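> The structure that follows is given in the form of structure tokens.
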Amino acid sequence: MPYRLTVIGTGYLGATHAACMAELGFEVLALDVDAAKIKRLQAGELPIHEPGLEEVLRRNLASGRLRFTTSYQEIAEFGDVHFVCVGTPQKKGEYAADVSYLDAVVESLAPYLTRECLVVGKSTVPVGTAQRLAGKLIRLAPAGPQVELAWNPEFLREGFAVQDTLKPDRIVLGVAGIPGEKAEKILREVYEPLGDIPIVVTDYATSELVKTAANAFLATKISFINAMAEVCEASHADVKQLSLALSFDERIGGKFLNAGLGFGGGCLPKDIRAFMARAGELGADQALTFLREVDAINMRRRARMVDLAREVAGGSLYGCTVCVLGAAFKPNSDDIRDSPALDVAVTIGRQGGRVTIYDPVALDNARQAHPELAYGTSAMDAARGANVVLLLTEWPEFVALDPETLGSVVSTRNMVDGRNALDPQSWRAAGWTYRALGRP
Ligand code: UDX
């Protein structure tokens, strides 16, 4: 392989990128400032739940192609291409994204860059960040303009991280005008082993916007169908059938058209907020006011879920025994960042409900964040004696639950399906009161 790669930041994105680039045959050195995390990764232990990733990690550690470090000097000496994969979380009490981790990376790495190399940003950033960081990089690096910056946003989904990295829908490369030719050539070579993937080469600003626009579109699509769910609730229509009928129109398509508890996670909610904040700074806030509504519709679904639980419980949640199935923001993930399921569980707990939660992989994370709630050892365990069962994350094992078996342990057969994941007929046939968001 012509280049040696480094990856800076080993969260969901960085750990996946490092392991997958090694899988393609590159020598990869990955860095994180968290020494404990690096120790675990070097031992082949993944700090997150991501199907298939641990195997890729271990295989490439064993082959010697993948290594981990905490030393910026080491990665600067090792790498020809440095991928920056650090987080850009929402600022506390504000909509804007906090890009300070990116600045810290540039400040730590640049002083060691004494030869020609390429730095590639993969993080989701407010438009304009790449241009600013490029200037800073050249100013701080001893190699000066021999150090180039490119922006290469990442579109991977949690739960499908390996698959999305090795077979992305498209590759977007943001480069700096004419000097960007070298960056484009290098990145085309790096991604060549992926095969025939569409590549869009553009300027920094457009590449940054592709990512935020994609997430804004996905969030809007989910909130659109959830807005329809509100209308369905008011008119006794069925949003599930509405969504199915819409999906046959190829211009609309069925993906991201599942009505339910709405979106959460570490990306969509904070990305649409950061996008609005940045548009405001640029004087283009009017263009994105609709995202305020997208966000509001999304948050209203959580409130509606609590109301529905209260209704089913007979008018009050106080003292009611509530089983919550799901804590992760979506199935196949242990991520509880901005999880709609946990949000609902916490609210019901505050209203006096006796909540017991079960999730196949996110329990430890949930327990750490909310020690005040109770946790079960299985779905059946969490449902014991429940007056109401809430399905809030559509894990396959919950969808496969047998209404009779679950019914044998609950106190009252009340099911509220927050993800429209169950078959109402079979639950009703087993004597359950079945309610769902957006359905009669
Ligand atoms: C998202 C983007 O999909 C990805 O491209 C980007 O890189 C990061 O953000 P992710 O956060 O992993 O990925 O999850 P995603 O699968 O997009 O789901 C986001 C949320 O939307 C979840 O809470 C999910 O439950 C919800 N969702 C999704 C719906 O409520 N309805 C749908 O139809 C689809």
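Residue names in the structure tokens use chain letters A, B, ... in the order shown, residue numbers from 1 in each chain, and ligand numbers from 1 in the order shown.
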Which residues are near ligand 1 - at most 7 Å, using only C-alpha atoms and all ligand atoms? Format: as a VMD selection string.
chain A and resid 154 to 159 215 222 255 to 268 329 to 330 339
> Env of Val409 (chain A): 9 Å cut, atoms = only C-alpha atoms, seq-sep filter 4 positions within chain, self excluded. Answer as a list of chain:residue names.
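With the cut-off at 9 Å, the set is A:Met380, A:Asp381, A:Ala383, A:Arg384, A:Gly385, A:Ala386, A:Thr405.
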> What's around Gln90 (chain A) at 9 Å? Count only C-alpha atoms, leave out sequence neighbours fewer than 3 positions away in its own chain, and write the answer as a PyMOL selection string.
chain A and resi 93-98+270-271+273-274
> Include C-alpha atoms and write out the residues we just selected as a CSV table (one decimal), in the first residue's frame.

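For reference, out12.csv as written:
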chain,number,residue,atom,x,y,z
A,93,GLY,CA,-27.1,25.2,26.8
A,94,GLU,CA,-26.7,26.2,23.1
A,95,TYR,CA,-27.6,24.9,19.7
A,96,ALA,CA,-24.1,25.4,18.2
A,97,ALA,CA,-21.6,22.5,17.8
A,98,ASP,CA,-18.5,22.5,20.0
A,270,LYS,CA,-27.5,17.8,17.5
A,271,ASP,CA,-26.7,18.1,13.8
A,273,ARG,CA,-29.5,22.2,15.9
A,274,ALA,CA,-25.9,23.0,15.0
> For region 100-110 of chain A, find every residue with an atom within 12 Å (counting only C-alpha atoms), except residues of its own chain fewer than 5 positions away, and show them as a ChimeraX atom specification.
/A:6-9,31-33,70-77,79,82-91,115-126,129-130,132-149
> Please provide the set of residues having any atom within 6 Å of Thr356 (chain A), restricted to only C-alpha atoms, with same-chain residues fewer than 3 positions apart removed, written as a list of chain:residue names.
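Counting only the stated atoms, we get A:Cys323, A:Ala374, A:Tyr375, A:Ala382.
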> Kindly indicate which residue among A:Cys232, A:Ala237, A:Ile297, A:Ala245 lies nearest to Thr220 (chain A), using only C-alpha atoms for the distances.
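Of A:Cys232, A:Ala237, A:Ile297, A:Ala245, the one nearest Thr220 (chain A) is A:Ile297, counting only C-alpha atoms.
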> Per residue of region 65-140 of chain A within 10 Å of region 38-50 of chain A, what are the shortest atom pair and its distance in Å to one decimal, counting only C-alpha atoms, with rows by chain and residue number, as CSV?

residue,atom,partner,partner_atom,distance
A:Leu66,CA,A:Gln42,CA,8.7
A:Arg67,CA,A:Gln42,CA,6.6
A:Phe68,CA,A:Gln42,CA,5.9
A:Thr69,CA,A:Ile38,CA,6.5
A:Thr70,CA,A:Ile38,CA,7.2
> Taking N, CA and C atoms for each residue, export the selection above as a compact mmCIF listing (two decimals), in the first residue's frame.

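Full text of part.txt as output:
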# COMPACT_ATOMS: atom_id res chain seq x y z
N LEU A 66 -2.68 -2.95 12.34
CA LEU A 66 -3.37 -1.93 13.14
C LEU A 66 -2.74 -1.83 14.52
N ARG A 67 -2.39 -0.59 14.89
CA ARG A 67 -1.83 -0.36 16.24
C ARG A 67 -2.46 0.90 16.82
N PHE A 68 -2.32 1.05 18.13
CA PHE A 68 -2.89 2.22 18.81
C PHE A 68 -1.83 2.93 19.63
N THR A 69 -2.00 4.22 19.81
CA THR A 69 -1.03 5.01 20.58
C THR A 69 -1.72 6.22 21.21
N THR A 70 -1.02 6.87 22.14
CA THR A 70 -1.51 8.16 22.65
C THR A 70 -0.54 9.28 22.26
> If you run DSSP over the backbone, which residues in region 221-326 of chain A end up alpha helix (DSSP H)? Put them as a PyMOL selection string.
chain A and resi 221-235+239-247+268-281+289-312
> So which one's closest to Met228 (chain A), A:Val201, A:Leu437, A:Ala18, A:Ala430? Using only C-alpha atoms, please.
A:Leu437
> Could you name the residues that touch Phe160 (chain A) at 12 Å or less, counting only C-alpha atoms, but leaving out those on the same chain fewer than 6 positions away, as a ChimeraX atom specification?
/A:12-13,16,49-53,166-168,330-333
> Write the selection just made, keeping C-alpha atoms, as a CSV table (one decimal), in the first residue's frame?

chain,number,residue,atom,x,y,z
A,12,TYR,CA,-17.6,5.1,16.8
A,13,LEU,CA,-16.3,6.8,13.7
A,16,THR,CA,-14.5,1.9,12.7
A,49,HIS,CA,-21.4,-2.3,20.8
A,50,GLU,CA,-21.1,-2.4,17.1
A,51,PRO,CA,-21.9,-5.7,15.2
A,52,GLY,CA,-18.9,-7.1,13.4
A,53,LEU,CA,-16.4,-4.5,14.4
A,166,LEU,CA,-16.5,-0.7,3.5
A,167,LYS,CA,-19.4,-0.1,1.1
A,168,PRO,CA,-20.4,3.5,1.3
A,330,LYS,CA,-32.2,2.5,18.2
A,331,PRO,CA,-31.7,-1.3,17.9
A,332,ASN,CA,-28.2,-2.8,17.4
A,333,SER,CA,-26.6,-0.1,19.4
> I'd like the interatomic distance between CA of Tyr318 (chain A) and CA of His370 (chain A), to a tenth of an Å.
19.1 Å
